[in-house]
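Inspection log for the structure reproduced underneath, given as structure tokens.
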Amino acid sequence: MKFEITNEISVYNGFLKILKANVSHESFKGKQSIDASRECMERGDSVAVLIYEIDTDSFIFTRQFRYPSARRNQPWMLELVAGSIDQNEMAEISASREVLEEIGYEVQDLQKIATYFPSPGGSSEQIHLFYTAVNSSQQVNAGGGNKEEKEDIEIVKIPRQQTKQMLLENEFNNSISLIGLQWFFLNENQ
């Protein structure tokens, strides 16, 4: 099917960027075309890493304040290590950098879980989701986030079985954690 994007302009350019464009695409109902005006939040692509610490049989999460979820009375989000990919940076390099910044671990082996659009109706962002297994000896600094970016990150270790129970009881409420943990528990006996 054919589509066309025209007259794309930036209508806001802050931490996030909002684009507006005219779109035209073929219809599923025949040859007629659908023409509309649409907006897109452009924030760049991101990485997330599910981290399993072998010697403690635990997952390592982060907890930090999130303004958008605070608007829904959930200000401190428990989630995987995550961050934005810098311009011209490979996803794997970004993932390793974010792990070091946020929890202080050096990682070598990253396994790709998926690349996906978390909200394709409004955002062009893709998330590159990885998995890595570490040992506590790989922690080389305290982590806590990038102070220049005003990050304030708590490191949270949760035993594997408790994490599984939390997942079953719907205690995770963000896509990176849900997808990463479901992937792990679906594949742990293979």
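Chain labels A, B, ... are given in the sequence in which chains occur in the structure tokens; within each chain residues are numbered consecutively from 1, and ligands are likewise numbered from 1 in the order shown.
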
Inset, instruction - Apply DSSP to the backbone of this structure and, from range 87-158 of chain A, keep only the residues in strand (DSSP E); write these as a PyMOL selection string. - result: chain A and resi 111-116+127-134+154-158

Those selected residues, please, written with N, CA and C atoms and delivered as a JSON list (two decimals), in the first residue's frame.
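Final output, again-v1.json:
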[["chain", "number", "residue", "atom", "x", "y", "z"],
["A", 111, "GLN", "N", 22.34, -9.35, 24.96],
["A", 111, "GLN", "CA", 21.53, -10.15, 24.05],
["A", 111, "GLN", "C", 20.31, -9.33, 23.66],
["A", 112, "LYS", "N", 20.05, -9.20, 22.38],
["A", 112, "LYS", "CA", 18.90, -8.43, 21.91],
["A", 112, "LYS", "C", 17.62, -9.21, 22.16],
["A", 113, "ILE", "N", 16.66, -8.57, 22.82],
["A", 113, "ILE", "CA", 15.34, -9.15, 23.03],
["A", 113, "ILE", "C", 14.41, -8.71, 21.91],
["A", 114, "ALA", "N", 14.32, -7.40, 21.68],
["A", 114, "ALA", "CA", 13.41, -6.88, 20.67],
["A", 114, "ALA", "C", 13.69, -5.40, 20.42],
["A", 115, "THR", "N", 13.24, -4.93, 19.27],
["A", 115, "THR", "CA", 13.14, -3.50, 18.99],
["A", 115, "THR", "C", 11.68, -3.25, 18.67],
["A", 116, "TYR", "N", 11.08, -2.30, 19.36],
["A", 116, "TYR", "CA", 9.65, -2.10, 19.19],
["A", 116, "TYR", "C", 9.26, -0.62, 19.37],
["A", 127, "ILE", "N", 12.29, 1.43, 20.93],
["A", 127, "ILE", "CA", 13.08, 0.99, 22.08],
["A", 127, "ILE", "C", 13.83, -0.28, 21.68],
["A", 128, "HIS", "N", 15.13, -0.29, 21.93],
["A", 128, "HIS", "CA", 15.99, -1.44, 21.69],
["A", 128, "HIS", "C", 16.18, -2.10, 23.06],
["A", 129, "LEU", "N", 15.55, -3.25, 23.24],
["A", 129, "LEU", "CA", 15.54, -3.93, 24.53],
["A", 129, "LEU", "C", 16.55, -5.07, 24.54],
["A", 130, "PHE", "N", 17.41, -5.07, 25.57],
["A", 130, "PHE", "CA", 18.48, -6.06, 25.70],
["A", 130, "PHE", "C", 18.36, -6.80, 27.03],
["A", 131, "TYR", "N", 19.10, -7.91, 27.10],
["A", 131, "TYR", "CA", 19.25, -8.70, 28.33],
["A", 131, "TYR", "C", 20.73, -8.92, 28.57],
["A", 132, "THR", "N", 21.13, -8.90, 29.84],
["A", 132, "THR", "CA", 22.49, -9.28, 30.20],
["A", 132, "THR", "C", 22.48, -9.92, 31.58],
["A", 133, "ALA", "N", 23.39, -10.86, 31.77],
["A", 133, "ALA", "CA", 23.60, -11.48, 33.07],
["A", 133, "ALA", "C", 24.93, -10.96, 33.61],
["A", 134, "VAL", "N", 24.95, -10.62, 34.89],
["A", 134, "VAL", "CA", 26.15, -10.07, 35.52],
["A", 134, "VAL", "C", 26.41, -10.80, 36.83],
["A", 154, "GLU", "N", 17.64, 5.29, 42.30],
["A", 154, "GLU", "CA", 17.83, 4.28, 43.33],
["A", 154, "GLU", "C", 18.01, 2.93, 42.64],
["A", 155, "ILE", "N", 19.01, 2.15, 43.07],
["A", 155, "ILE", "CA", 19.22, 0.81, 42.56],
["A", 155, "ILE", "C", 18.42, -0.16, 43.43],
["A", 156, "VAL", "N", 17.62, -1.02, 42.77],
["A", 156, "VAL", "CA", 16.75, -1.94, 43.49],
["A", 156, "VAL", "C", 17.02, -3.35, 43.00],
["A", 157, "LYS", "N", 17.44, -4.23, 43.92],
["A", 157, "LYS", "CA", 17.63, -5.64, 43.59],
["A", 157, "LYS", "C", 16.45, -6.43, 44.14],
["A", 158, "ILE", "N", 15.86, -7.24, 43.28],
["A", 158, "ILE", "CA", 14.71, -8.05, 43.69],
["A", 158, "ILE", "C", 14.99, -9.50, 43.29]]

Counting only C-alpha atoms, give me one row per residue of range 19-121 of chain A with an atom at most 12 Å from an atom of range 178-185 of chain A, showing the shortest contact pair and its distance in Å to one decimal, sorted by chain then residue number, as JSON lines.
{"residue": "A:Val47", "atom": "CA", "partner": "A:Gly180", "partner_atom": "CA", "distance": 11.8}
{"residue": "A:Ala48", "atom": "CA", "partner": "A:Gly180", "partner_atom": "CA", "distance": 8.8}
{"residue": "A:Val49", "atom": "CA", "partner": "A:Gly180", "partner_atom": "CA", "distance": 8.0}
{"residue": "A:Leu50", "atom": "CA", "partner": "A:Gly180", "partner_atom": "CA", "distance": 6.0}
{"residue": "A:Ile51", "atom": "CA", "partner": "A:Gly180", "partner_atom": "CA", "distance": 9.4}
{"residue": "A:Tyr52", "atom": "CA", "partner": "A:Phe184", "partner_atom": "CA", "distance": 9.5}
{"residue": "A:Phe59", "atom": "CA", "partner": "A:Leu181", "partner_atom": "CA", "distance": 9.5}
{"residue": "A:Ile60", "atom": "CA", "partner": "A:Leu181", "partner_atom": "CA", "distance": 11.6}
{"residue": "A:Phe61", "atom": "CA", "partner": "A:Leu181", "partner_atom": "CA", "distance": 11.3}
{"residue": "A:Leu78", "atom": "CA", "partner": "A:Leu178", "partner_atom": "CA", "distance": 11.1}
{"residue": "A:Glu79", "atom": "CA", "partner": "A:Leu178", "partner_atom": "CA", "distance": 9.1}
{"residue": "A:Leu80", "atom": "CA", "partner": "A:Gly180", "partner_atom": "CA", "distance": 8.4}
{"residue": "A:Val81", "atom": "CA", "partner": "A:Gly180", "partner_atom": "CA", "distance": 11.2}
{"residue": "A:Ala82", "atom": "CA", "partner": "A:Gly180", "partner_atom": "CA", "distance": 11.9}
{"residue": "A:Gln111", "atom": "CA", "partner": "A:Gly180", "partner_atom": "CA", "distance": 11.3}
{"residue": "A:Lys112", "atom": "CA", "partner": "A:Gly180", "partner_atom": "CA", "distance": 10.3}
{"residue": "A:Ile113", "atom": "CA", "partner": "A:Gly180", "partner_atom": "CA", "distance": 7.3}
{"residue": "A:Ala114", "atom": "CA", "partner": "A:Ile179", "partner_atom": "CA", "distance": 8.8}
{"residue": "A:Thr115", "atom": "CA", "partner": "A:Ile179", "partner_atom": "CA", "distance": 10.8}
{"residue": "A:Tyr116", "atom": "CA", "partner": "A:Ile179", "partner_atom": "CA", "distance": 10.1}
{"residue": "A:Pro118", "atom": "CA", "partner": "A:Ile179", "partner_atom": "CA", "distance": 10.5}

Write a file of the just-selected residues containing C-alpha atoms, as a tab-separated table (two decimals), in the first residue's frame.
chain	number	residue	atom	x	y	z
A	47	VAL	CA	17.59	1.47	24.99
A	48	ALA	CA	16.55	-0.63	27.96
A	49	VAL	CA	18.40	-3.50	29.63
A	50	LEU	CA	17.01	-6.37	31.71
A	51	ILE	CA	19.81	-7.24	34.14
A	52	TYR	CA	19.96	-10.54	36.00
A	59	PHE	CA	17.15	-8.71	38.91
A	60	ILE	CA	18.51	-5.20	39.12
A	61	PHE	CA	16.00	-2.41	38.58
A	78	LEU	CA	10.36	0.83	39.11
A	79	GLU	CA	11.87	-0.07	35.75
A	80	LEU	CA	14.81	-1.49	33.85
A	81	VAL	CA	17.95	0.52	33.20
A	82	ALA	CA	17.04	2.72	30.25
A	111	GLN	CA	21.53	-10.15	24.05
A	112	LYS	CA	18.90	-8.43	21.91
A	113	ILE	CA	15.34	-9.15	23.03
A	114	ALA	CA	13.41	-6.88	20.67
A	115	THR	CA	13.14	-3.50	18.99
A	116	TYR	CA	9.65	-2.10	19.19
A	118	PRO	CA	5.97	1.62	22.54

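Here CA of Ser46 in chain A and CA of Ser94 in chain A stand 8.4 Å from one another.
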
Legend entry - Spatial neighbours of Glu149 in chain A, 12 Å, only C-alpha atoms, chain gap at least 5 places, as a PyMOL selection string: chain A and resi 15+83-84+101-102+144

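In this structure, CA of Ile85 in chain A sits 9.9 Å away from CA of Arg43 in chain A.
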
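Put simply, CA of Glu4 in chain A is 5.7 Å away from CA of Val23 in chain A.
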
Inset, instruction - Write out as a ChimeraX atom specification which residues come within 12 Å of Ser119 in chain A when counting only C-alpha atoms, dropping same-chain ones fewer than 4 positions away. - result: /A:40-43,123-127,174-175

Export, as a compact mmCIF listing (two decimals), in the first residue's frame, the selected residues with C-alpha atoms.
# COMPACT_ATOMS: atom_id res chain seq x y z
CA CYS A 40 4.25 12.99 16.03
CA MET A 41 6.32 13.22 19.18
CA GLU A 42 9.96 12.82 18.18
CA ARG A 43 12.21 12.02 21.13
CA SER A 123 5.57 8.75 18.96
CA SER A 124 8.29 7.75 16.51
CA GLU A 125 10.48 6.37 19.32
CA GLN A 126 11.79 2.82 19.03
CA ILE A 127 13.08 0.99 22.08
CA ASN A 174 5.87 0.03 32.06
CA SER A 175 6.50 -1.68 28.73
